[in-house]
file final.cif (mmCIF, N, CA, C and O atoms)
data_target
loop_
_atom_site.label_atom_id
_atom_site.label_comp_id
_atom_site.auth_asym_id
_atom_site.auth_seq_id
_atom_site.Cartn_x
_atom_site.Cartn_y
_atom_site.Cartn_z
N MET A 1 -47.49 -33.88 43.74
CA MET A 1 -47.57 -33.56 45.14
C MET A 1 -46.43 -32.60 45.47
O MET A 1 -45.34 -32.72 44.94
N CYS A 2 -46.67 -31.68 46.34
CA CYS A 2 -45.64 -30.74 46.78
C CYS A 2 -45.36 -30.99 48.25
O CYS A 2 -46.25 -30.87 49.09
N LEU A 3 -44.13 -31.35 48.55
CA LEU A 3 -43.76 -31.66 49.92
C LEU A 3 -42.97 -30.53 50.57
O LEU A 3 -42.36 -29.74 49.88
N ALA A 4 -42.98 -30.50 51.86
CA ALA A 4 -42.04 -29.68 52.62
C ALA A 4 -40.91 -30.63 52.98
O ALA A 4 -41.12 -31.62 53.67
N VAL A 5 -39.72 -30.37 52.46
CA VAL A 5 -38.60 -31.31 52.55
C VAL A 5 -37.46 -30.70 53.36
O VAL A 5 -37.11 -29.54 53.14
N PRO A 6 -36.86 -31.47 54.27
CA PRO A 6 -35.72 -30.95 55.01
C PRO A 6 -34.47 -30.94 54.15
O PRO A 6 -34.26 -31.84 53.33
N GLY A 7 -33.66 -29.91 54.33
CA GLY A 7 -32.41 -29.82 53.61
C GLY A 7 -31.35 -29.13 54.44
O GLY A 7 -31.65 -28.40 55.38
N LYS A 8 -30.09 -29.37 54.07
CA LYS A 8 -28.94 -28.80 54.77
C LYS A 8 -28.40 -27.62 53.97
O LYS A 8 -28.13 -27.73 52.77
N VAL A 9 -28.20 -26.50 54.65
CA VAL A 9 -27.67 -25.30 54.01
C VAL A 9 -26.18 -25.48 53.75
O VAL A 9 -25.41 -25.72 54.67
N LEU A 10 -25.80 -25.38 52.47
CA LEU A 10 -24.41 -25.53 52.07
C LEU A 10 -23.70 -24.19 51.92
O LEU A 10 -22.50 -24.08 52.16
N ASP A 11 -24.44 -23.19 51.47
CA ASP A 11 -23.86 -21.90 51.16
C ASP A 11 -24.95 -20.84 51.23
O ASP A 11 -26.11 -21.13 50.93
N ILE A 12 -24.58 -19.62 51.63
CA ILE A 12 -25.54 -18.51 51.70
C ILE A 12 -24.93 -17.31 50.99
O ILE A 12 -23.75 -17.02 51.14
N GLU A 13 -25.77 -16.62 50.23
CA GLU A 13 -25.34 -15.38 49.58
C GLU A 13 -26.54 -14.44 49.47
O GLU A 13 -27.68 -14.88 49.58
N GLU A 14 -26.23 -13.18 49.29
CA GLU A 14 -27.30 -12.20 49.08
C GLU A 14 -27.39 -11.94 47.59
O GLU A 14 -26.39 -11.69 46.93
N ARG A 15 -28.60 -12.03 47.06
CA ARG A 15 -28.82 -11.82 45.65
C ARG A 15 -29.94 -10.80 45.48
O ARG A 15 -31.07 -11.06 45.87
N ASP A 16 -29.61 -9.66 44.95
CA ASP A 16 -30.59 -8.58 44.74
C ASP A 16 -31.33 -8.23 46.03
O ASP A 16 -32.55 -8.04 46.04
N GLY A 17 -30.60 -8.20 47.14
CA GLY A 17 -31.19 -7.84 48.42
C GLY A 17 -31.92 -8.97 49.12
O GLY A 17 -32.56 -8.75 50.16
N THR A 18 -31.85 -10.18 48.59
CA THR A 18 -32.55 -11.33 49.18
C THR A 18 -31.53 -12.39 49.58
O THR A 18 -30.67 -12.75 48.77
N ARG A 19 -31.62 -12.88 50.82
CA ARG A 19 -30.74 -13.97 51.25
C ARG A 19 -31.18 -15.26 50.59
O ARG A 19 -32.33 -15.69 50.72
N MET A 20 -30.24 -15.88 49.89
CA MET A 20 -30.50 -17.14 49.19
C MET A 20 -29.48 -18.17 49.66
O MET A 20 -28.36 -17.82 50.02
N ALA A 21 -29.90 -19.43 49.65
CA ALA A 21 -29.01 -20.51 50.09
C ALA A 21 -28.98 -21.62 49.06
O ALA A 21 -29.97 -21.87 48.36
N THR A 22 -27.86 -22.28 48.99
CA THR A 22 -27.74 -23.54 48.27
C THR A 22 -28.01 -24.61 49.30
O THR A 22 -27.34 -24.66 50.35
N VAL A 23 -29.02 -25.46 49.04
CA VAL A 23 -29.46 -26.44 50.04
C VAL A 23 -29.42 -27.84 49.44
O VAL A 23 -29.83 -28.07 48.31
N ASP A 24 -28.91 -28.79 50.23
CA ASP A 24 -28.80 -30.19 49.83
C ASP A 24 -29.96 -30.97 50.44
O ASP A 24 -30.13 -31.02 51.65
N PHE A 25 -30.76 -31.59 49.56
CA PHE A 25 -31.90 -32.41 49.98
C PHE A 25 -31.55 -33.87 49.72
O PHE A 25 -32.04 -34.48 48.78
N GLY A 26 -30.66 -34.42 50.51
CA GLY A 26 -30.30 -35.82 50.35
C GLY A 26 -29.67 -36.13 49.00
O GLY A 26 -29.96 -37.16 48.41
N GLY A 27 -28.85 -35.23 48.50
CA GLY A 27 -28.18 -35.45 47.22
C GLY A 27 -28.68 -34.57 46.09
O GLY A 27 -28.03 -34.43 45.07
N VAL A 28 -29.84 -33.99 46.24
CA VAL A 28 -30.37 -33.05 45.26
C VAL A 28 -30.13 -31.65 45.81
O VAL A 28 -30.53 -31.33 46.93
N VAL A 29 -29.47 -30.80 45.02
CA VAL A 29 -29.12 -29.46 45.47
C VAL A 29 -29.97 -28.43 44.74
O VAL A 29 -30.08 -28.47 43.50
N LYS A 30 -30.59 -27.53 45.50
CA LYS A 30 -31.46 -26.50 44.94
C LYS A 30 -31.17 -25.17 45.61
O LYS A 30 -30.64 -25.10 46.71
N GLU A 31 -31.60 -24.08 44.94
CA GLU A 31 -31.52 -22.74 45.51
C GLU A 31 -32.80 -22.48 46.31
O GLU A 31 -33.90 -22.81 45.87
N VAL A 32 -32.65 -21.85 47.50
CA VAL A 32 -33.76 -21.64 48.42
C VAL A 32 -33.70 -20.22 48.97
O VAL A 32 -32.63 -19.71 49.29
N CYS A 33 -34.86 -19.60 49.11
CA CYS A 33 -34.96 -18.27 49.69
C CYS A 33 -35.00 -18.38 51.22
O CYS A 33 -35.73 -19.21 51.77
N LEU A 34 -34.22 -17.51 51.89
CA LEU A 34 -34.14 -17.54 53.36
C LEU A 34 -34.87 -16.39 54.02
O LEU A 34 -34.65 -16.11 55.20
N GLU A 35 -35.74 -15.71 53.33
CA GLU A 35 -36.41 -14.54 53.89
C GLU A 35 -37.22 -14.84 55.14
O GLU A 35 -37.35 -13.99 56.02
N TYR A 36 -37.77 -16.04 55.27
CA TYR A 36 -38.55 -16.39 56.46
C TYR A 36 -37.68 -16.85 57.63
O TYR A 36 -38.15 -16.93 58.76
N LEU A 37 -36.42 -17.18 57.35
CA LEU A 37 -35.47 -17.59 58.38
C LEU A 37 -34.16 -16.81 58.19
O LEU A 37 -33.14 -17.37 57.81
N PRO A 38 -34.19 -15.52 58.45
CA PRO A 38 -33.04 -14.68 58.15
C PRO A 38 -31.77 -15.00 58.94
O PRO A 38 -30.67 -14.64 58.52
N ASP A 39 -31.89 -15.73 60.05
CA ASP A 39 -30.71 -16.05 60.85
C ASP A 39 -30.19 -17.46 60.61
O ASP A 39 -29.26 -17.91 61.28
N LEU A 40 -30.75 -18.20 59.65
CA LEU A 40 -30.29 -19.55 59.33
C LEU A 40 -28.85 -19.48 58.85
O LEU A 40 -28.49 -18.58 58.09
N GLN A 41 -28.02 -20.43 59.29
CA GLN A 41 -26.60 -20.43 58.98
C GLN A 41 -26.19 -21.66 58.18
O GLN A 41 -26.89 -22.69 58.19
N VAL A 42 -25.04 -21.58 57.53
CA VAL A 42 -24.46 -22.71 56.81
C VAL A 42 -24.30 -23.87 57.79
O VAL A 42 -23.86 -23.68 58.93
N GLY A 43 -24.68 -25.07 57.35
CA GLY A 43 -24.59 -26.27 58.18
C GLY A 43 -25.86 -26.60 58.92
O GLY A 43 -26.02 -27.72 59.39
N GLU A 44 -26.79 -25.65 59.02
CA GLU A 44 -28.06 -25.91 59.68
C GLU A 44 -29.05 -26.52 58.69
O GLU A 44 -28.87 -26.44 57.48
N TYR A 45 -30.10 -27.10 59.25
CA TYR A 45 -31.15 -27.73 58.45
C TYR A 45 -32.44 -26.92 58.56
O TYR A 45 -32.71 -26.31 59.58
N ALA A 46 -33.21 -26.97 57.49
CA ALA A 46 -34.51 -26.29 57.48
C ALA A 46 -35.49 -27.10 56.66
O ALA A 46 -35.11 -27.85 55.76
N ILE A 47 -36.75 -26.94 56.97
CA ILE A 47 -37.82 -27.50 56.15
C ILE A 47 -38.10 -26.48 55.04
O ILE A 47 -38.29 -25.30 55.31
N VAL A 48 -38.11 -26.96 53.81
CA VAL A 48 -38.28 -26.09 52.65
C VAL A 48 -39.54 -26.50 51.88
O VAL A 48 -39.78 -27.69 51.65
N HIS A 49 -40.32 -25.50 51.52
CA HIS A 49 -41.52 -25.74 50.71
C HIS A 49 -41.56 -24.69 49.61
O HIS A 49 -41.40 -23.50 49.87
N VAL A 50 -41.76 -25.15 48.40
CA VAL A 50 -41.81 -24.32 47.18
C VAL A 50 -40.71 -23.26 47.14
O VAL A 50 -40.95 -22.11 46.77
N GLY A 51 -39.50 -23.66 47.52
CA GLY A 51 -38.36 -22.78 47.40
C GLY A 51 -38.11 -21.83 48.55
O GLY A 51 -37.23 -20.98 48.49
N PHE A 52 -38.87 -21.95 49.64
CA PHE A 52 -38.70 -21.09 50.81
C PHE A 52 -38.38 -21.94 52.03
O PHE A 52 -39.11 -22.89 52.33
N ALA A 53 -37.33 -21.57 52.77
CA ALA A 53 -37.02 -22.21 54.05
C ALA A 53 -38.05 -21.70 55.06
O ALA A 53 -38.17 -20.49 55.26
N LEU A 54 -38.78 -22.60 55.68
CA LEU A 54 -39.88 -22.21 56.56
C LEU A 54 -39.62 -22.41 58.04
O LEU A 54 -40.15 -21.68 58.87
N GLN A 55 -38.83 -23.45 58.37
CA GLN A 55 -38.63 -23.76 59.78
C GLN A 55 -37.28 -24.45 59.97
O GLN A 55 -36.92 -25.32 59.18
N ARG A 56 -36.56 -24.05 61.01
CA ARG A 56 -35.29 -24.69 61.36
C ARG A 56 -35.60 -26.09 61.88
O ARG A 56 -36.64 -26.32 62.51
N LEU A 57 -34.69 -27.02 61.63
CA LEU A 57 -34.89 -28.41 62.01
C LEU A 57 -33.57 -28.97 62.51
O LEU A 57 -32.50 -28.64 61.97
N ASP A 58 -33.62 -29.84 63.52
CA ASP A 58 -32.38 -30.45 64.00
C ASP A 58 -31.91 -31.53 63.00
O ASP A 58 -32.70 -32.07 62.23
N GLU A 59 -30.62 -31.82 63.03
CA GLU A 59 -30.02 -32.72 62.04
C GLU A 59 -30.62 -34.12 62.08
O GLU A 59 -30.90 -34.70 61.03
N GLU A 60 -30.84 -34.67 63.26
CA GLU A 60 -31.38 -36.03 63.36
C GLU A 60 -32.78 -36.12 62.75
O GLU A 60 -33.09 -37.05 62.01
N SER A 61 -33.64 -35.16 63.05
CA SER A 61 -34.99 -35.15 62.47
C SER A 61 -34.92 -35.03 60.95
O SER A 61 -35.68 -35.68 60.24
N ALA A 62 -34.03 -34.19 60.46
CA ALA A 62 -33.87 -34.01 59.02
C ALA A 62 -33.43 -35.31 58.36
O ALA A 62 -34.00 -35.72 57.35
N ARG A 63 -32.45 -35.98 58.93
CA ARG A 63 -31.95 -37.24 58.36
C ARG A 63 -33.04 -38.31 58.36
O ARG A 63 -33.20 -39.03 57.38
N GLN A 64 -33.76 -38.44 59.46
CA GLN A 64 -34.83 -39.44 59.53
C GLN A 64 -35.90 -39.18 58.48
O GLN A 64 -36.37 -40.11 57.82
N THR A 65 -36.27 -37.92 58.32
CA THR A 65 -37.30 -37.57 57.33
C THR A 65 -36.82 -37.84 55.92
O THR A 65 -37.54 -38.41 55.10
N LEU A 66 -35.57 -37.46 55.61
CA LEU A 66 -35.03 -37.71 54.27
C LEU A 66 -34.95 -39.21 53.98
O LEU A 66 -35.25 -39.64 52.86
N GLU A 67 -34.56 -40.00 54.96
CA GLU A 67 -34.50 -41.45 54.78
C GLU A 67 -35.89 -42.02 54.50
O GLU A 67 -36.06 -42.85 53.61
N LEU A 68 -36.89 -41.56 55.24
CA LEU A 68 -38.26 -42.02 55.03
C LEU A 68 -38.76 -41.63 53.65
O LEU A 68 -39.34 -42.45 52.92
N PHE A 69 -38.54 -40.38 53.26
CA PHE A 69 -38.95 -39.92 51.93
C PHE A 69 -38.27 -40.75 50.84
O PHE A 69 -38.91 -41.11 49.85
N ALA A 70 -36.98 -41.06 51.02
CA ALA A 70 -36.25 -41.85 50.03
C ALA A 70 -36.83 -43.26 49.94
O ALA A 70 -37.02 -43.79 48.84
N GLU A 71 -37.12 -43.88 51.09
CA GLU A 71 -37.71 -45.22 51.10
C GLU A 71 -39.04 -45.25 50.37
O GLU A 71 -39.37 -46.21 49.68
N LEU A 72 -39.81 -44.19 50.52
CA LEU A 72 -41.14 -44.13 49.90
C LEU A 72 -41.08 -43.64 48.44
O LEU A 72 -42.11 -43.58 47.77
N GLY A 73 -39.89 -43.27 47.99
CA GLY A 73 -39.74 -42.77 46.62
C GLY A 73 -40.23 -41.35 46.45
O GLY A 73 -40.41 -40.88 45.33
N MET A 74 -40.44 -40.65 47.55
CA MET A 74 -41.01 -39.30 47.46
C MET A 74 -39.98 -38.27 47.03
O MET A 74 -40.35 -37.26 46.44
N LEU A 75 -38.70 -38.48 47.30
CA LEU A 75 -37.69 -37.53 46.85
C LEU A 75 -37.59 -37.54 45.33
O LEU A 75 -37.49 -36.49 44.70
N GLN A 76 -37.63 -38.72 44.74
CA GLN A 76 -37.58 -38.81 43.28
C GLN A 76 -38.82 -38.16 42.68
O GLN A 76 -38.74 -37.45 41.69
N GLU A 77 -39.97 -38.38 43.31
CA GLU A 77 -41.21 -37.77 42.83
C GLU A 77 -41.13 -36.25 42.90
O GLU A 77 -41.55 -35.54 41.99
N GLU A 78 -40.57 -35.73 43.98
CA GLU A 78 -40.50 -34.29 44.19
C GLU A 78 -39.41 -33.63 43.35
O GLU A 78 -39.62 -32.56 42.78
N PHE A 79 -38.23 -34.28 43.26
CA PHE A 79 -37.08 -33.65 42.61
C PHE A 79 -36.64 -34.33 41.33
O PHE A 79 -35.73 -33.85 40.67
N GLY A 80 -37.23 -35.46 41.00
CA GLY A 80 -36.78 -36.22 39.85
C GLY A 80 -37.00 -35.50 38.53
O GLY A 80 -37.74 -34.53 38.44
N ASP A 81 -36.36 -36.01 37.52
CA ASP A 81 -36.48 -35.48 36.18
C ASP A 81 -37.90 -35.70 35.66
O ASP A 81 -38.41 -36.82 35.69
N ALA A 82 -38.53 -34.66 35.18
CA ALA A 82 -39.92 -34.74 34.73
C ALA A 82 -40.09 -35.72 33.57
O ALA A 82 -41.09 -36.44 33.50
N TRP A 83 -39.12 -35.77 32.66
CA TRP A 83 -39.22 -36.70 31.53
C TRP A 83 -39.11 -38.15 32.00
O TRP A 83 -39.83 -39.02 31.53
N GLU A 84 -38.21 -38.41 32.95
CA GLU A 84 -38.07 -39.77 33.48
C GLU A 84 -39.35 -40.19 34.20
O GLU A 84 -39.79 -41.33 34.08
N THR A 85 -39.94 -39.28 34.97
CA THR A 85 -41.17 -39.57 35.67
C THR A 85 -42.29 -39.89 34.69
O THR A 85 -43.04 -40.84 34.86
N ALA A 86 -42.41 -39.08 33.64
CA ALA A 86 -43.45 -39.31 32.62
C ALA A 86 -43.23 -40.65 31.94
O ALA A 86 -44.19 -41.40 31.68
N ALA A 87 -41.99 -40.98 31.64
CA ALA A 87 -41.69 -42.26 31.00
C ALA A 87 -42.08 -43.43 31.90
O ALA A 87 -42.70 -44.39 31.46
N ALA A 88 -41.74 -43.32 33.18
CA ALA A 88 -42.08 -44.38 34.12
C ALA A 88 -43.59 -44.54 34.25
O ALA A 88 -44.12 -45.65 34.26
N GLN A 89 -44.31 -43.42 34.33
CA GLN A 89 -45.77 -43.48 34.46
C GLN A 89 -46.42 -44.03 33.21
O GLN A 89 -47.46 -44.67 33.27
N ALA A 90 -45.80 -43.79 32.06
CA ALA A 90 -46.35 -44.28 30.80
C ALA A 90 -45.92 -45.71 30.50
O ALA A 90 -46.34 -46.29 29.51
N GLY A 91 -45.04 -46.25 31.35
CA GLY A 91 -44.57 -47.62 31.16
C GLY A 91 -43.57 -47.74 30.03
O GLY A 91 -43.40 -48.81 29.44
N MET A 92 -42.89 -46.64 29.70
CA MET A 92 -41.91 -46.65 28.62
C MET A 92 -40.52 -46.86 29.19
O MET A 92 -40.24 -46.49 30.32
N ASP A 93 -39.66 -47.43 28.37
CA ASP A 93 -38.31 -47.75 28.82
C ASP A 93 -37.37 -46.56 28.79
O ASP A 93 -36.43 -46.50 29.57
N THR A 94 -37.57 -45.62 27.88
CA THR A 94 -36.60 -44.53 27.74
C THR A 94 -37.30 -43.20 27.69
O THR A 94 -38.48 -43.09 27.34
N VAL A 95 -36.55 -42.18 28.01
CA VAL A 95 -37.04 -40.80 27.94
C VAL A 95 -37.32 -40.45 26.49
O VAL A 95 -38.26 -39.72 26.18
N ASP A 96 -36.52 -40.97 25.56
CA ASP A 96 -36.72 -40.68 24.13
C ASP A 96 -38.11 -41.10 23.65
O ASP A 96 -38.71 -40.43 22.83
N GLU A 97 -38.62 -42.20 24.19
CA GLU A 97 -39.96 -42.65 23.79
C GLU A 97 -41.01 -41.63 24.18
O GLU A 97 -41.96 -41.40 23.46
N VAL A 98 -40.86 -40.97 25.35
CA VAL A 98 -41.82 -39.97 25.81
C VAL A 98 -41.73 -38.72 24.94
O VAL A 98 -42.73 -38.18 24.50
N SER A 99 -40.51 -38.25 24.71
CA SER A 99 -40.34 -37.01 23.95
C SER A 99 -40.72 -37.17 22.50
O SER A 99 -41.03 -36.20 21.82
N ASN A 100 -40.75 -38.41 21.98
CA ASN A 100 -41.15 -38.63 20.59
C ASN A 100 -42.64 -38.85 20.43
O ASN A 100 -43.13 -39.01 19.32
N GLN A 101 -43.37 -38.88 21.51
CA GLN A 101 -44.84 -39.09 21.45
C GLN A 101 -45.57 -37.86 20.98
O GLN A 101 -45.24 -36.79 21.17
#

call {"tool": "encode", "arguments": {"input": "final.cif", "output": "structure tokens"}}
result
Amino acid sequence: MCLAVPGKVLDIEERDGTRMATVDFGGVVKEVCLEYLPDLQVGEYAIVHVGFALQRLDEESARQTLELFAELGMLQEEFGDAWETAAAQAGMDTVDEVSNQ
């Protein structure tokens, strides 16, 4: 599943003519393109989908959504380690068991 997830902008830089941000999604940090929200600033929140910031969001709404996603396990599903997810789905105890299959 691909979610639109709220995140907090930690840092902004221009890379090859494109505004990029380091964004914190409740403890998971990813690089995000800001081309759709060129005026987004450090400290603000945005909804991000497939690596693009799409809409500005207030802090309280962002926190509530992140808490709900965490409760439902959706953040781990969206950002978790692919090997760990495969191991869990296969009912295996370790990542090594998946990679040795």

call {"tool": "atom_distance", "arguments": {"input": "final.cif", "atom1": "CA of Phe69 in chain A", "atom2": "CA of Ile12 in chain A"}}
result
25.3 Å

call {"tool": "atom_distance", "arguments": {"input": "final.cif", "atom1": "atom C of Val28 in chain A", "atom2": "CA of Leu66 in chain A"}}
result
11.5 Å

call {"tool": "residues_around", "arguments": {"input": "final.cif", "residues": "range 29-44 of chain A", "least_positions_apart": "3", "cutoff": "8 Å", "atoms": "only N, CA, C and O atoms", "output": "ChimeraX atom specification"}}
result
/A:6-13,17-26,47-59

call {"tool": "atom_distance", "arguments": {"input": "final.cif", "atom1": "CA of Ala46 in chain A", "atom2": "atom C of Ser61 in chain A"}}
result
9.4 Å

call {"tool": "build_atoms", "arguments": {"input": "final.cif", "residues": "range 46-57 of chain A", "atoms": "all heavy atoms", "output": "JSON list (two decimals), keeping the file's coordinate frame"}}
result
[["chain", "number", "residue", "atom", "x", "y", "z"],
["A", 46, "ALA", "N", -33.21, -26.97, 57.49],
["A", 46, "ALA", "CA", -34.51, -26.29, 57.48],
["A", 46, "ALA", "C", -35.49, -27.10, 56.66],
["A", 46, "ALA", "O", -35.11, -27.85, 55.76],
["A", 46, "ALA", "CB", -34.37, -24.89, 56.88],
["A", 47, "ILE", "N", -36.75, -26.94, 56.97],
["A", 47, "ILE", "CA", -37.82, -27.50, 56.15],
["A", 47, "ILE", "C", -38.10, -26.48, 55.04],
["A", 47, "ILE", "O", -38.29, -25.30, 55.31],
["A", 47, "ILE", "CB", -39.08, -27.77, 56.98],
["A", 47, "ILE", "CG1", -38.79, -28.87, 58.00],
["A", 47, "ILE", "CG2", -40.25, -28.15, 56.08],
["A", 47, "ILE", "CD1", -39.93, -29.15, 58.94],
["A", 48, "VAL", "N", -38.11, -26.96, 53.81],
["A", 48, "VAL", "CA", -38.28, -26.09, 52.65],
["A", 48, "VAL", "C", -39.54, -26.50, 51.88],
["A", 48, "VAL", "O", -39.78, -27.69, 51.65],
["A", 48, "VAL", "CB", -37.05, -26.18, 51.72],
["A", 48, "VAL", "CG1", -37.24, -25.34, 50.48],
["A", 48, "VAL", "CG2", -35.80, -25.76, 52.47],
["A", 49, "HIS", "N", -40.32, -25.50, 51.52],
["A", 49, "HIS", "CA", -41.52, -25.74, 50.71],
["A", 49, "HIS", "C", -41.56, -24.69, 49.61],
["A", 49, "HIS", "O", -41.40, -23.50, 49.87],
["A", 49, "HIS", "CB", -42.77, -25.64, 51.60],
["A", 49, "HIS", "CG", -44.04, -25.88, 50.86],
["A", 49, "HIS", "ND1", -44.34, -27.08, 50.24],
["A", 49, "HIS", "CD2", -45.10, -25.07, 50.62],
["A", 49, "HIS", "CE1", -45.53, -26.98, 49.69],
["A", 49, "HIS", "NE2", -46.00, -25.77, 49.89],
["A", 50, "VAL", "N", -41.76, -25.15, 48.40],
["A", 50, "VAL", "CA", -41.81, -24.32, 47.18],
["A", 50, "VAL", "C", -40.71, -23.26, 47.14],
["A", 50, "VAL", "O", -40.95, -22.11, 46.77],
["A", 50, "VAL", "CB", -43.20, -23.70, 46.92],
["A", 50, "VAL", "CG1", -44.21, -24.77, 46.60],
["A", 50, "VAL", "CG2", -43.68, -22.82, 48.06],
["A", 51, "GLY", "N", -39.50, -23.66, 47.52],
["A", 51, "GLY", "CA", -38.36, -22.78, 47.40],
["A", 51, "GLY", "C", -38.11, -21.83, 48.55],
["A", 51, "GLY", "O", -37.23, -20.98, 48.49],
["A", 52, "PHE", "N", -38.87, -21.95, 49.64],
["A", 52, "PHE", "CA", -38.70, -21.09, 50.81],
["A", 52, "PHE", "C", -38.38, -21.94, 52.03],
["A", 52, "PHE", "O", -39.11, -22.89, 52.33],
["A", 52, "PHE", "CB", -39.97, -20.28, 51.10],
["A", 52, "PHE", "CG", -40.22, -19.20, 50.10],
["A", 52, "PHE", "CD1", -40.93, -19.48, 48.93],
["A", 52, "PHE", "CD2", -39.75, -17.92, 50.31],
["A", 52, "PHE", "CE1", -41.16, -18.48, 48.00],
["A", 52, "PHE", "CE2", -39.98, -16.92, 49.38],
["A", 52, "PHE", "CZ", -40.68, -17.20, 48.22],
["A", 53, "ALA", "N", -37.33, -21.57, 52.77],
["A", 53, "ALA", "CA", -37.02, -22.21, 54.05],
["A", 53, "ALA", "C", -38.05, -21.70, 55.06],
["A", 53, "ALA", "O", -38.17, -20.49, 55.26],
["A", 53, "ALA", "CB", -35.61, -21.87, 54.48],
["A", 54, "LEU", "N", -38.78, -22.60, 55.68],
["A", 54, "LEU", "CA", -39.88, -22.21, 56.56],
["A", 54, "LEU", "C", -39.62, -22.41, 58.04],
["A", 54, "LEU", "O", -40.15, -21.68, 58.87],
["A", 54, "LEU", "CB", -41.15, -22.98, 56.18],
["A", 54, "LEU", "CG", -41.67, -22.79, 54.77],
["A", 54, "LEU", "CD1", -42.89, -23.66, 54.54],
["A", 54, "LEU", "CD2", -41.98, -21.33, 54.51],
["A", 55, "GLN", "N", -38.83, -23.45, 58.37],
["A", 55, "GLN", "CA", -38.63, -23.76, 59.78],
["A", 55, "GLN", "C", -37.28, -24.45, 59.97],
["A", 55, "GLN", "O", -36.92, -25.32, 59.18],
["A", 55, "GLN", "CB", -39.75, -24.69, 60.27],
["A", 55, "GLN", "CG", -39.65, -25.06, 61.72],
["A", 55, "GLN", "CD", -40.82, -25.94, 62.14],
["A", 55, "GLN", "OE1", -41.78, -26.12, 61.42],
["A", 55, "GLN", "NE2", -40.72, -26.48, 63.33],
["A", 56, "ARG", "N", -36.56, -24.05, 61.01],
["A", 56, "ARG", "CA", -35.29, -24.69, 61.36],
["A", 56, "ARG", "C", -35.60, -26.09, 61.88],
["A", 56, "ARG", "O", -36.64, -26.32, 62.51],
["A", 56, "ARG", "CB", -34.58, -23.86, 62.43],
["A", 56, "ARG", "CG", -33.21, -24.37, 62.81],
["A", 56, "ARG", "CD", -32.53, -23.43, 63.80],
["A", 56, "ARG", "NE", -31.91, -22.33, 63.07],
["A", 56, "ARG", "CZ", -32.35, -21.08, 63.03],
["A", 56, "ARG", "NH1", -33.43, -20.74, 63.70],
["A", 56, "ARG", "NH2", -31.73, -20.15, 62.34],
["A", 57, "LEU", "N", -34.69, -27.02, 61.63],
["A", 57, "LEU", "CA", -34.89, -28.41, 62.01],
["A", 57, "LEU", "C", -33.57, -28.97, 62.51],
["A", 57, "LEU", "O", -32.50, -28.64, 61.97],
["A", 57, "LEU", "CB", -35.37, -29.20, 60.78],
["A", 57, "LEU", "CG", -35.84, -30.62, 60.95],
["A", 57, "LEU", "CD1", -37.09, -30.67, 61.81],
["A", 57, "LEU", "CD2", -36.14, -31.22, 59.59]]
